[in-house]
$ cat upload-v5.cif   # mmCIF, C-alpha atoms and all ligand atoms
data_target
#
loop_
_atom_site.label_atom_id
_atom_site.label_comp_id
_atom_site.auth_asym_id
_atom_site.auth_seq_id
_atom_site.Cartn_x
_atom_site.Cartn_y
_atom_site.Cartn_z
CA MET Y 24 77.62 78.71 109.96
CA THR Y 25 79.94 81.74 109.59
CA GLU Y 26 80.22 82.13 113.38
CA SER Y 27 81.79 78.71 113.77
CA ILE Y 28 84.50 79.31 111.16
CA LYS Y 29 87.99 79.81 112.58
CA GLU Y 30 90.11 81.37 109.87
CA GLY Y 31 93.40 79.51 109.58
CA LEU Y 32 91.88 76.83 111.86
CA GLU Y 33 92.98 78.99 114.81
CA GLY Y 34 92.28 77.29 118.12
CA ILE Y 35 90.71 74.23 116.49
CA ILE Y 36 91.62 70.89 118.05
CA ALA Y 37 92.15 68.87 114.89
CA GLY Y 38 93.20 65.56 116.45
CA LYS Y 39 94.98 63.89 119.35
CA THR Y 40 98.71 63.55 119.86
CA ALA Y 41 100.96 62.06 122.53
CA ILE Y 42 104.11 63.56 121.02
CA SER Y 43 104.37 67.12 122.32
CA THR Y 44 102.61 69.82 124.32
CA VAL Y 45 102.61 73.31 122.83
CA GLY Y 46 101.20 76.33 124.64
CA LYS Y 47 99.17 74.29 127.16
CA GLU Y 48 98.39 76.28 130.28
CA GLY Y 49 100.88 75.60 133.04
CA LEU Y 50 102.91 73.24 130.86
CA ASP Y 51 106.27 73.82 129.23
CA LEU Y 52 106.89 72.74 125.65
CA THR Y 53 107.50 69.02 126.11
CA TYR Y 54 108.54 66.19 123.81
CA ARG Y 55 106.99 62.91 125.03
CA GLY Y 56 106.65 64.50 128.47
CA TYR Y 57 110.21 65.86 128.75
CA SER Y 58 110.67 69.61 129.08
CA ILE Y 59 112.40 71.38 126.19
CA HIS Y 60 114.61 73.12 128.75
CA ASP Y 61 115.86 69.78 130.12
CA LEU Y 62 116.36 68.37 126.64
CA ALA Y 63 118.22 71.43 125.34
CA GLN Y 64 120.41 71.44 128.44
CA ASN Y 65 121.20 67.74 128.70
CA ALA Y 66 120.28 65.71 125.63
CA THR Y 67 121.79 65.32 122.18
CA PHE Y 68 119.76 65.61 118.98
CA GLU Y 69 120.08 61.86 118.40
CA GLU Y 70 118.63 61.15 121.86
CA VAL Y 71 115.73 63.45 121.06
CA VAL Y 72 115.13 61.76 117.71
CA PHE Y 73 115.11 58.37 119.44
CA LEU Y 74 112.69 59.72 122.04
CA LEU Y 75 110.34 61.08 119.38
CA LEU Y 76 110.39 57.94 117.25
CA TYR Y 77 110.31 55.29 119.99
CA ASN Y 78 108.54 57.13 122.81
CA ARG Y 79 111.33 56.59 125.38
CA LEU Y 80 114.80 57.90 126.11
CA PRO Y 81 117.47 55.47 124.90
CA THR Y 82 119.90 53.63 127.14
CA ARG Y 83 123.59 54.23 126.40
CA ASN Y 84 123.72 51.05 124.28
CA GLN Y 85 120.51 51.84 122.43
CA LEU Y 86 121.80 55.32 121.64
CA SER Y 87 125.13 54.17 120.29
CA GLY Y 88 123.39 51.48 118.21
CA PHE Y 89 120.98 54.12 116.88
CA ILE Y 90 123.84 56.50 115.98
CA ASP Y 91 125.66 53.67 114.18
CA GLN Y 92 122.52 52.88 112.21
CA LEU Y 93 122.11 56.51 111.19
CA ASN Y 94 125.77 56.70 110.18
CA SER Y 95 125.39 53.65 107.97
CA LEU Y 96 122.53 55.33 106.09
CA ARG Y 97 124.26 58.53 104.94
CA GLU Y 98 125.26 57.33 101.49
CA LEU Y 99 123.70 58.95 98.42
CA PRO Y 100 122.70 56.51 95.65
CA ALA Y 101 124.44 57.26 92.32
CA ALA Y 102 121.14 58.16 90.62
CA LEU Y 103 120.35 60.66 93.35
CA GLN Y 104 123.81 62.19 93.01
CA SER Y 105 123.16 62.64 89.28
CA VAL Y 106 119.86 64.39 89.96
CA LEU Y 107 121.45 66.67 92.57
CA LYS Y 108 124.14 67.65 90.07
CA LEU Y 109 121.47 68.56 87.52
CA ILE Y 110 119.59 70.90 89.86
CA PRO Y 111 120.72 74.44 88.97
CA GLN Y 112 123.07 76.35 91.27
CA ASP Y 113 120.60 79.19 91.89
CA THR Y 114 117.81 76.87 93.05
CA ASN Y 115 116.29 77.45 96.47
CA PRO Y 116 117.84 74.65 98.59
CA MET Y 117 114.38 73.83 99.95
CA ASP Y 118 113.51 72.77 96.41
CA VAL Y 119 116.64 70.64 96.38
CA LEU Y 120 115.48 68.76 99.49
CA ARG Y 121 111.95 68.50 98.13
CA THR Y 122 113.24 67.02 94.87
CA GLY Y 123 115.84 64.85 96.61
CA CYS Y 124 113.28 63.40 99.00
CA SER Y 125 110.90 62.68 96.17
CA MET Y 126 113.68 61.08 94.08
CA LEU Y 127 114.74 58.87 96.98
CA GLY Y 128 111.13 57.69 97.13
CA THR Y 129 111.48 56.38 93.56
CA LEU Y 130 114.80 54.65 94.28
CA GLU Y 131 113.93 53.16 97.64
CA PRO Y 132 110.12 53.10 97.68
CA GLU Y 133 108.00 52.13 100.63
CA ASP Y 134 106.91 48.87 99.11
CA GLY Y 135 106.79 46.35 101.90
CA HIS Y 136 110.54 45.62 101.90
CA ARG Y 137 111.30 48.72 103.94
CA THR Y 138 109.68 49.49 107.27
CA GLN Y 139 108.54 52.98 108.15
CA GLU Y 140 111.24 53.07 110.87
CA HIS Y 141 113.89 52.32 108.27
CA ILE Y 142 112.66 55.09 105.98
CA ALA Y 143 112.54 57.55 108.88
CA LYS Y 144 116.16 56.79 109.80
CA ARG Y 145 117.25 56.84 106.16
CA LEU Y 146 115.75 60.30 105.67
CA LEU Y 147 117.26 61.68 108.88
CA ALA Y 148 120.68 60.37 107.85
CA ILE Y 149 120.61 61.26 104.18
CA LEU Y 150 119.05 64.76 104.14
CA PRO Y 151 122.29 66.46 105.37
CA SER Y 152 124.24 64.49 102.73
CA MET Y 153 121.81 65.59 100.01
CA LEU Y 154 121.92 69.24 100.98
CA LEU Y 155 125.69 69.54 101.35
CA PHE Y 156 126.45 67.39 98.30
CA TRP Y 157 124.34 69.68 96.11
CA TYR Y 158 125.69 72.82 97.79
CA GLN Y 159 129.38 71.92 97.55
CA TYR Y 160 129.06 70.54 94.01
CA HIS Y 161 127.77 73.93 92.89
CA GLN Y 162 130.47 75.72 94.89
CA GLY Y 163 132.94 73.95 92.62
CA LYS Y 164 134.04 71.36 95.19
CA GLY Y 165 133.13 68.38 92.99
CA SER Y 166 131.35 65.27 94.32
CA ILE Y 167 132.07 65.32 98.05
CA GLU Y 168 132.20 62.16 100.15
CA THR Y 169 129.20 62.13 102.50
CA THR Y 170 129.79 58.90 104.41
CA SER Y 171 132.51 60.01 106.84
CA GLU Y 172 132.96 57.50 109.68
CA SER Y 173 134.73 59.98 111.91
CA GLU Y 174 131.78 62.30 112.50
CA LYS Y 175 129.31 60.43 114.68
CA THR Y 176 126.47 62.92 115.00
CA ILE Y 177 124.21 64.68 112.54
CA ALA Y 178 125.41 68.11 113.75
CA SER Y 179 129.12 67.29 113.49
CA HIS Y 180 128.66 65.54 110.14
CA LEU Y 181 126.73 68.46 108.72
CA LEU Y 182 129.22 71.09 109.87
CA HIS Y 183 132.17 69.03 108.64
CA LEU Y 184 130.58 68.72 105.20
CA LEU Y 185 129.94 72.47 105.18
CA TYR Y 186 133.31 73.66 106.50
CA GLY Y 187 135.42 71.00 104.82
CA HIS Y 188 137.08 70.31 108.20
CA PRO Y 189 135.87 69.27 111.68
CA ALA Y 190 133.89 71.84 113.68
CA THR Y 191 134.73 72.82 117.26
CA ALA Y 192 132.85 71.28 120.19
CA ASP Y 193 131.07 74.59 120.81
CA GLN Y 194 129.93 74.90 117.20
CA ILE Y 195 128.65 71.32 117.22
CA ARG Y 196 126.76 71.83 120.47
CA ALA Y 197 125.19 75.09 119.24
CA LEU Y 198 123.86 73.36 116.14
CA ASP Y 199 122.79 70.33 118.17
CA VAL Y 200 120.71 72.55 120.47
CA ALA Y 201 119.14 74.34 117.48
CA LEU Y 202 118.23 70.94 115.99
CA ILE Y 203 116.69 69.85 119.32
CA LEU Y 204 114.59 73.02 119.54
CA HIS Y 205 113.24 72.64 115.99
CA ALA Y 206 112.59 68.89 116.13
CA GLU Y 207 108.91 68.86 117.03
CA HIS Y 208 106.02 71.27 117.55
CA GLU Y 209 102.62 69.57 117.55
CA PHE Y 210 100.15 70.47 114.74
CA ASN Y 211 102.13 73.24 113.04
CA ALA Y 212 101.45 73.77 109.32
CA SER Y 213 104.09 71.38 107.97
CA THR Y 214 103.37 68.59 110.46
CA PHE Y 215 99.67 68.92 109.83
CA THR Y 216 100.41 68.67 106.09
CA CYS Y 217 102.31 65.42 106.73
CA ARG Y 218 99.37 64.08 108.72
CA VAL Y 219 96.82 65.04 106.05
CA ILE Y 220 98.86 63.26 103.38
CA THR Y 221 99.37 60.24 105.65
CA SER Y 222 95.66 60.10 106.38
CA THR Y 223 94.94 59.28 102.72
CA LEU Y 224 97.18 56.17 103.13
CA SER Y 225 99.77 57.74 100.85
CA ASP Y 226 103.42 56.73 101.25
CA PHE Y 227 106.06 58.01 103.68
CA TYR Y 228 108.08 60.01 101.14
CA SER Y 229 104.98 61.83 99.88
CA ALA Y 230 104.15 62.93 103.41
CA ILE Y 231 107.68 64.19 104.10
CA THR Y 232 107.89 65.92 100.72
CA GLY Y 233 104.63 67.70 101.54
CA GLY Y 234 106.06 68.73 104.91
CA ILE Y 235 109.08 70.28 103.19
CA CYS Y 236 106.78 72.22 100.84
CA ALA Y 237 104.75 73.63 103.75
CA LEU Y 238 107.83 74.52 105.80
CA ARG Y 239 109.33 76.54 102.94
CA GLY Y 240 107.06 79.58 103.35
CA PRO Y 241 108.17 82.68 105.31
CA LEU Y 242 105.20 82.49 107.68
CA HIS Y 243 106.56 79.11 108.83
CA GLY Y 244 110.11 77.75 108.51
CA GLY Y 245 111.26 80.31 105.96
CA ALA Y 246 111.05 83.02 108.64
CA ASP Y 247 114.63 82.34 109.81
CA GLU Y 248 116.10 83.36 106.45
CA ALA Y 249 113.81 86.39 106.21
CA ALA Y 250 114.77 87.39 109.78
CA MET Y 251 118.48 87.22 108.95
CA GLU Y 252 118.05 89.35 105.84
CA GLN Y 253 116.14 91.86 107.91
CA ILE Y 254 118.73 92.01 110.74
CA SER Y 255 121.62 92.35 108.28
CA LYS Y 256 120.00 95.35 106.57
CA PHE Y 257 120.80 97.48 109.63
CA HIS Y 258 124.24 98.76 110.53
CA SER Y 259 123.50 100.16 114.00
CA VAL Y 260 120.92 99.88 116.79
CA GLU Y 261 119.64 103.37 115.94
CA GLU Y 262 119.06 102.39 112.33
CA ALA Y 263 117.33 99.21 113.50
CA GLU Y 264 115.00 101.09 115.82
CA GLU Y 265 114.00 103.54 113.12
CA GLY Y 266 113.73 100.86 110.43
CA ILE Y 267 111.51 98.54 112.49
CA LYS Y 268 109.23 101.38 113.55
CA ALA Y 269 108.92 102.39 109.89
CA MET Y 270 108.03 98.82 108.93
CA LEU Y 271 105.38 98.64 111.63
CA SER Y 272 103.89 101.98 110.62
CA LYS Y 273 103.48 100.55 107.10
CA LYS Y 274 101.85 97.44 108.64
CA GLU Y 275 104.70 95.26 107.39
CA LYS Y 276 105.47 92.03 109.22
CA VAL Y 277 108.75 91.70 111.04
CA MET Y 278 109.95 88.18 110.47
CA GLY Y 279 110.83 86.01 113.45
CA PHE Y 280 108.16 87.60 115.67
CA GLY Y 281 104.71 86.47 116.70
CA HIS Y 282 103.24 83.03 116.93
CA ARG Y 283 99.85 81.47 116.38
CA VAL Y 284 99.92 79.65 119.72
CA TYR Y 285 102.44 81.47 121.95
CA LYS Y 286 101.03 84.86 122.80
CA TYR Y 287 103.42 85.44 125.73
CA GLY Y 288 106.69 84.23 124.29
CA ASP Y 289 108.14 81.16 122.64
CA PRO Y 290 110.02 79.03 125.20
CA ARG Y 291 112.57 78.04 122.55
CA SER Y 292 113.58 81.62 121.87
CA GLU Y 293 115.33 82.34 125.18
CA ILE Y 294 117.36 79.12 124.87
CA ILE Y 295 118.61 79.80 121.36
CA LYS Y 296 119.16 83.48 122.19
CA GLN Y 297 121.77 82.44 124.77
CA TRP Y 298 123.59 80.48 122.09
CA ALA Y 299 123.45 83.42 119.68
CA LYS Y 300 124.86 85.64 122.43
CA ASN Y 301 127.59 83.16 123.31
CA LEU Y 302 128.66 82.77 119.66
CA SER Y 303 128.46 86.51 118.99
CA SER Y 304 130.99 87.23 121.74
CA LYS Y 305 133.26 84.45 120.46
CA THR Y 306 133.11 85.54 116.81
CA GLY Y 307 133.38 89.24 117.60
CA SER Y 308 130.09 90.06 115.83
CA GLN Y 309 128.44 91.81 118.76
CA VAL Y 310 126.88 94.60 116.65
CA LEU Y 311 124.51 92.16 114.96
CA PHE Y 312 123.49 90.75 118.32
CA SER Y 313 122.82 94.25 119.70
CA ILE Y 314 120.76 95.07 116.61
CA ALA Y 315 118.72 91.92 117.17
CA GLU Y 316 118.11 92.84 120.81
CA LYS Y 317 117.03 96.32 119.79
CA ILE Y 318 114.54 94.83 117.31
CA GLU Y 319 113.23 92.60 120.11
CA GLU Y 320 112.84 95.64 122.39
CA VAL Y 321 111.01 97.71 119.74
CA MET Y 322 108.70 94.82 118.83
CA PHE Y 323 107.71 94.41 122.44
CA LYS Y 324 107.19 98.15 123.06
CA GLU Y 325 105.26 98.75 119.86
CA LYS Y 326 103.33 95.52 119.36
CA HIS Y 327 103.73 93.36 122.45
CA LEU Y 328 105.13 90.68 120.19
CA TYR Y 329 107.89 88.29 121.21
CA PRO Y 330 110.57 86.63 119.09
CA ASN Y 331 109.76 83.10 117.99
CA VAL Y 332 112.33 80.31 117.60
CA ASP Y 333 113.34 81.53 114.15
CA PHE Y 334 114.66 84.96 115.16
CA TYR Y 335 117.69 84.05 117.27
CA SER Y 336 118.17 80.73 115.44
CA ALA Y 337 118.93 82.84 112.39
CA LEU Y 338 121.70 84.66 114.27
CA THR Y 339 123.04 81.42 115.75
CA TYR Y 340 123.33 79.88 112.28
CA HIS Y 341 124.90 83.06 110.96
CA PHE Y 342 127.55 83.04 113.70
CA LEU Y 343 128.22 79.40 112.87
CA GLY Y 344 129.15 80.55 109.37
CA ILE Y 345 126.16 78.85 107.79
CA PRO Y 346 124.99 80.59 104.59
CA THR Y 347 121.51 82.11 105.02
CA LEU Y 348 120.02 80.08 102.18
CA LEU Y 349 120.72 76.89 104.16
CA PHE Y 350 118.85 77.95 107.32
CA THR Y 351 115.41 76.59 106.39
CA PRO Y 352 116.88 73.31 105.07
CA LEU Y 353 118.42 72.83 108.55
CA PHE Y 354 114.90 73.20 109.93
CA VAL Y 355 113.83 70.40 107.56
CA ILE Y 356 116.63 68.14 108.79
CA SER Y 357 115.54 68.67 112.39
CA ARG Y 358 111.75 68.67 111.91
CA THR Y 359 111.94 65.41 109.96
CA ALA Y 360 112.15 63.79 113.39
CA GLY Y 361 108.81 65.27 114.44
CA TRP Y 362 107.22 64.64 111.05
CA CYS Y 363 108.19 60.96 111.20
CA ALA Y 364 106.79 60.59 114.73
CA HIS Y 365 103.52 62.15 113.57
CA ILE Y 366 103.32 59.89 110.52
CA PHE Y 367 103.74 56.87 112.84
CA GLU Y 368 101.07 58.24 115.17
CA GLN Y 369 98.63 59.06 112.37
CA ARG Y 370 99.03 55.60 110.87
CA ALA Y 371 98.52 53.89 114.22
CA ASN Y 372 95.04 55.33 114.52
CA ASN Y 373 94.15 56.64 111.09
CA ARG Y 374 91.04 58.41 109.93
CA LEU Y 375 90.95 60.42 106.69
CA ILE Y 376 91.40 64.13 107.45
CA ARG Y 377 88.72 65.84 105.44
CA PRO Y 378 87.12 68.97 106.87
CA ILE Y 379 84.34 70.93 105.20
CA ALA Y 380 84.08 74.52 103.94
CA GLU Y 381 81.39 77.14 104.04
CA TYR Y 382 80.36 77.83 100.45
CA VAL Y 383 80.53 81.54 99.52
CA GLY Y 384 80.35 81.20 95.70
CA PRO Y 385 77.52 82.04 93.26
CA LEU Y 386 74.02 80.57 93.54
CA PRO Y 387 73.19 77.75 91.09
CA MET Y 388 72.63 79.09 87.57
CA PRO Y 389 71.87 77.58 84.13
CA TYR Y 390 74.78 76.48 81.95
CA ILE Y 391 75.55 79.01 79.16
CA PRO Y 392 76.30 77.47 75.73
CA ILE Y 393 79.73 78.64 74.46
CA GLU Y 394 78.30 80.61 71.49
CA GLN Y 395 76.17 82.72 73.86
CA ARG Y 396 79.00 83.77 76.20
CA THR Y 397 79.98 87.43 76.03
CA GLY Y 398 83.48 87.08 77.44
CA LEU Y 399 82.83 89.65 80.14
N1 LIG H 1 105.24 91.62 112.68
C1 LIG H 1 104.34 92.59 112.76
N2 LIG H 1 103.06 92.39 113.11
C2 LIG H 1 102.71 91.15 113.42
C3 LIG H 1 103.60 90.07 113.37
C4 LIG H 1 104.91 90.35 112.99
N3 LIG H 1 105.82 89.37 112.92
N4 LIG H 1 102.98 88.93 113.74
C5 LIG H 1 101.71 89.27 114.00
N5 LIG H 1 101.56 90.60 113.79
C6 LIG H 1 100.33 91.37 113.97
C7 LIG H 1 99.51 91.30 112.69
O1 LIG H 1 99.84 92.30 111.78
C8 LIG H 1 98.12 91.43 113.26
O2 LIG H 1 97.90 92.78 113.59
P1 LIG H 1 96.48 93.47 113.37
O3 LIG H 1 95.55 92.70 114.28
O4 LIG H 1 96.72 94.88 113.76
O5 LIG H 1 96.16 93.27 111.92
C9 LIG H 1 98.19 90.65 114.55
O6 LIG H 1 99.56 90.74 114.97
C10 LIG H 1 97.81 89.18 114.40
O7 LIG H 1 98.65 88.61 113.38
P2 LIG H 1 98.25 87.38 112.48
O8 LIG H 1 99.19 87.30 111.32
O9 LIG H 1 96.79 87.40 112.18
O10 LIG H 1 98.51 86.22 113.52
P3 LIG H 1 98.56 84.70 113.16
O11 LIG H 1 98.31 83.97 114.39
O12 LIG H 1 97.72 84.38 111.98
O13 LIG H 1 100.07 84.54 112.65
C11 LIG H 1 102.31 84.25 112.44
C12 LIG H 1 101.10 83.99 113.31
C13 LIG H 1 103.49 83.47 112.98
C14 LIG H 1 102.06 83.80 111.01
C15 LIG H 1 102.62 85.77 112.47
O14 LIG H 1 102.93 86.19 113.77
C16 LIG H 1 103.72 86.14 111.51
O15 LIG H 1 103.45 86.31 110.31
N6 LIG H 1 104.99 86.24 111.98
C17 LIG H 1 106.10 86.50 111.11
C18 LIG H 1 106.56 85.22 110.43
C19 LIG H 1 107.24 84.28 111.38
O16 LIG H 1 108.10 84.70 112.17
N7 LIG H 1 106.91 82.99 111.29
C20 LIG H 1 107.51 81.95 112.13
C21 LIG H 1 106.47 81.34 113.01
S1 LIG H 1 107.05 80.41 114.39
C22 LIG H 1 108.15 79.20 113.91
C23 LIG H 1 107.80 78.50 112.65
O17 LIG H 1 106.69 77.99 112.48
O18 LIG H 1 108.67 78.42 111.80
#
$ encode --input "upload-v5.cif" --output "structure tokens"
Amino acid sequence: MTESIKEGLEGIIAGKTAISTVGKEGLDLTYRGYSIHDLAQNATFEEVVFLLLYNRLPTRNQLSGFIDQLNSLRELPAALQSVLKLIPQDTNPMDVLRTGCSMLGTLEPEDGHRTQEHIAKRLLAILPSMLLFWYQYHQGKGSIETTSESEKTIASHLLHLLYGHPATADQIRALDVALILHAEHEFNASTFTCRVITSTLSDFYSAITGGICALRGPLHGGADEAAMEQISKFHSVEEAEEGIKAMLSKKEKVMGFGHRVYKYGDPRSEIIKQWAKNLSSKTGSQVLFSIAEKIEEVMFKEKHLYPNVDFYSALTYHFLGIPTLLFTPLFVISRTAGWCAHIFEQRANNRLIRPIAEYVGPLPMPYIPIEQRTGL
């Protein structure tokens, strides 16, 4: 029995999917058959969301109709605003999204009146509003308006809410590409969590809330924040080289490196690295970018490990002026697209996900009456 156990389910095929290909020999990362390189180069995040949800690229008319629908779903119900105001200022924003998503499920439950497509669109549209409403309220900006008609896309809406004024075209495109790259990734931990919850015939909000919980950890989505903290600790490339070598000698993990599936590099990393580089030269923060490249070089020399999507995404967000504590919530906003597609797929051909474990506990023994227990 022990021989067949794969710790962490490594390499186990746990189901079928037609949504994306990750780490398949000879195949790029694809969403519904389209290469991530093509999508990051040519598509918008909304096109990618449409593709993931409806299994085809939209026509121009379909896309503008889809964007209008998303825009009409940004509003925060009053009860949700009240809850967001009550969540303390020093809360981890991932907990804000977790609570907000769960609360929305009580206000607009999946009860037969709302289709799963409607809930998917509602979540995609409202999560940025939730995050920035809570954030700005606790920055002393009061109850901000989240329904702006002028900002058509999720990236431009989000940056406008954060900056308090419209972002530049370059800033919007950088965030759009980051959202595209994070939108979907097969049976990663959070998506698998969504599928497990869905497989019990639970509701849509429960599955997404579970996805948020799984994404929060630093071995998964939380790695971008940890990577940024790590990069910012160093003031020069020399310090970075020494510091990373010291971490490795103590067997510490360097966040933003390594991947369960990609052993020879994450295809998303090179794409987002170019954006980090581009923004670093525009914002004049080239030292941080050089430090990051030095860390990449040391990690390859010492461990043959490559950066994953989180490493240079962290720098990209940083150069966009996004506070570090909002990095992982941005991942939620993007990955909601993939989670929703997987919930649809799981429901279309559902079977309860219920693996088994090898028992390694004590052999059966007689029950000990309470008065005879020694407490040892
Ligand atoms: N820094 C230093 N050593 C590492 C790292 C790292 N980032 N990643 C793997 N290793 C080493 C690890 O110490 C182990 O060495 P040894 O065999 O000598 O004990 C070996 O590589 C295998 O590591 P593992 O943790 O058993 O590999 P895994 O497949 O279970 O883990 C991983 C994959 C992503 C959890 C891991 O690489 C890691 O912890 N990376 C840092 C966190 C991170 O960046 N997570 C983001 C993942 S990708 C995007 C996402 O999902 O958000």
$ residues_near_ligand --input "upload-v5.cif" --ligand "ligand LIG 1 (chain H)" --cutoff "9 Å" --atoms "all atoms listed in the file" --output "JSON, numbers by chain"
{"Y": [30, 31, 33, 205, 208, 211, 212, 213, 238, 240, 241, 242, 243, 244, 245, 246, 247, 249, 250, 270, 271, 274, 275, 276, 277, 278, 279, 280, 281, 282, 283, 284, 285, 286, 289, 322, 326, 327, 328, 329, 330, 331, 332, 333, 334, 351, 354]}
$ atom_distance --input "upload-v5.cif" --atom1 "atom CA of Y:Thr214" --atom2 "atom CA of Y:Trp362"
5.5 Å
$ residues_around --input "upload-v5.cif" --residues "Y:Trp298" --least-positions-apart "5" --cutoff "10 Å" --atoms "all atoms listed in the file" --output "PyMOL selection string"
chain Y and resi 193-194+196-198+200-201+293+303+335-336+338-340+342
$ write_last_selection --input "upload-v5.cif" --atoms "C-alpha atoms" --output "PDB file, keeping the file's coordinate frame"
ATOM      1  CA  ASP Y 193     131.070  74.590 120.810  1.00  0.00           C
ATOM      2  CA  GLN Y 194     129.930  74.900 117.200  1.00  0.00           C
ATOM      3  CA  ARG Y 196     126.760  71.830 120.470  1.00  0.00           C
ATOM      4  CA  ALA Y 197     125.190  75.090 119.240  1.00  0.00           C
ATOM      5  CA  LEU Y 198     123.860  73.360 116.140  1.00  0.00           C
ATOM      6  CA  VAL Y 200     120.710  72.550 120.470  1.00  0.00           C
ATOM      7  CA  ALA Y 201     119.140  74.340 117.480  1.00  0.00           C
ATOM      8  CA  GLU Y 293     115.330  82.340 125.180  1.00  0.00           C
ATOM      9  CA  SER Y 303     128.460  86.510 118.990  1.00  0.00           C
ATOM     10  CA  TYR Y 335     117.690  84.050 117.270  1.00  0.00           C
ATOM     11  CA  SER Y 336     118.170  80.730 115.440  1.00  0.00           C
ATOM     12  CA  LEU Y 338     121.700  84.660 114.270  1.00  0.00           C
ATOM     13  CA  THR Y 339     123.040  81.420 115.750  1.00  0.00           C
ATOM     14  CA  TYR Y 340     123.330  79.880 112.280  1.00  0.00           C
ATOM     15  CA  PHE Y 342     127.550  83.040 113.700  1.00  0.00           C
TER      16      PHE Y 342
END
$ residues_around --input "upload-v5.cif" --residues "Y:Lys268" --least-positions-apart "4" --cutoff "9 Å" --atoms "all atoms listed in the file" --output "ChimeraX atom specification"
/Y:263-264,272-273,321-322,325
$ atom_distance --input "upload-v5.cif" --atom1 "atom CA of Y:Thr122" --atom2 "atom CA of Y:Ile195"
27.5 Å
$ residues_around --input "upload-v5.cif" --residues "Y:Ala315" --least-positions-apart "4" --cutoff "8 Å" --atoms "all atoms listed in the file" --output "short mmCIF file (atom, residue, chain, number, x, y, z; two decimals) with C-alpha atoms, in the coordinates of the input"
data_model
loop_
_atom_site.label_atom_id
_atom_site.label_comp_id
_atom_site.auth_asym_id
_atom_site.auth_seq_id
_atom_site.Cartn_x
_atom_site.Cartn_y
_atom_site.Cartn_z
CA ILE Y 254 118.73 92.01 110.74
CA LEU Y 311 124.51 92.16 114.96
CA GLU Y 319 113.23 92.60 120.11
CA TYR Y 335 117.69 84.05 117.27
#
$ closest_residue --input "upload-v5.cif" --among "Y:Leu120, Y:Ala206, Y:Ala178, Y:Leu224" --to "Y:Asn372" --atoms "only C-alpha atoms"
Y:Leu224
$ atom_distance --input "upload-v5.cif" --atom1 "atom CA of Y:Leu146" --atom2 "atom CA of Y:Gly123"
10.1 Å
$ closest_residue --input "upload-v5.cif" --among "Y:Pro151, Y:Pro81, Y:Pro352, Y:Gly56" --to "Y:Glu98" --atoms "only C-alpha atoms"
Y:Pro151
$ residues_around --input "upload-v5.cif" --residues "Y:Pro189" --least-positions-apart "3" --cutoff "9 Å" --atoms "only C-alpha atoms" --output "ChimeraX atom specification"
/Y:174,179-180,182-184,186
$ closest_residue --input "upload-v5.cif" --among "Y:Gln104, Y:Gln92, Y:Thr359, Y:Gln369" --to "Y:Glu207" --atoms "all atoms listed in the file"
Y:Thr359
$ residues_around --input "upload-v5.cif" --residues "Y:Lys164" --least-positions-apart "6" --cutoff "12 Å" --atoms "all atoms listed in the file" --output "list in words"
Lys108, Leu155, Phe156, Trp157, Tyr158, Leu184, Leu185, Tyr186 and Gly187 of chain Y
$ residues_near_point --input "upload-v5.cif" --point "(88.1, 67.4, 106.9)" --cutoff "12 Å" --atoms "all atoms listed in the file" --output "PyMOL selection string"
chain Y and resi 32+37-38+218-219+222-223+374-380
$ closest_residue --input "upload-v5.cif" --among "Y:Ala63, Y:Leu75, Y:Ile177, Y:Cys124" --to "Y:Arg97" --atoms "all atoms listed in the file"
Y:Ile177
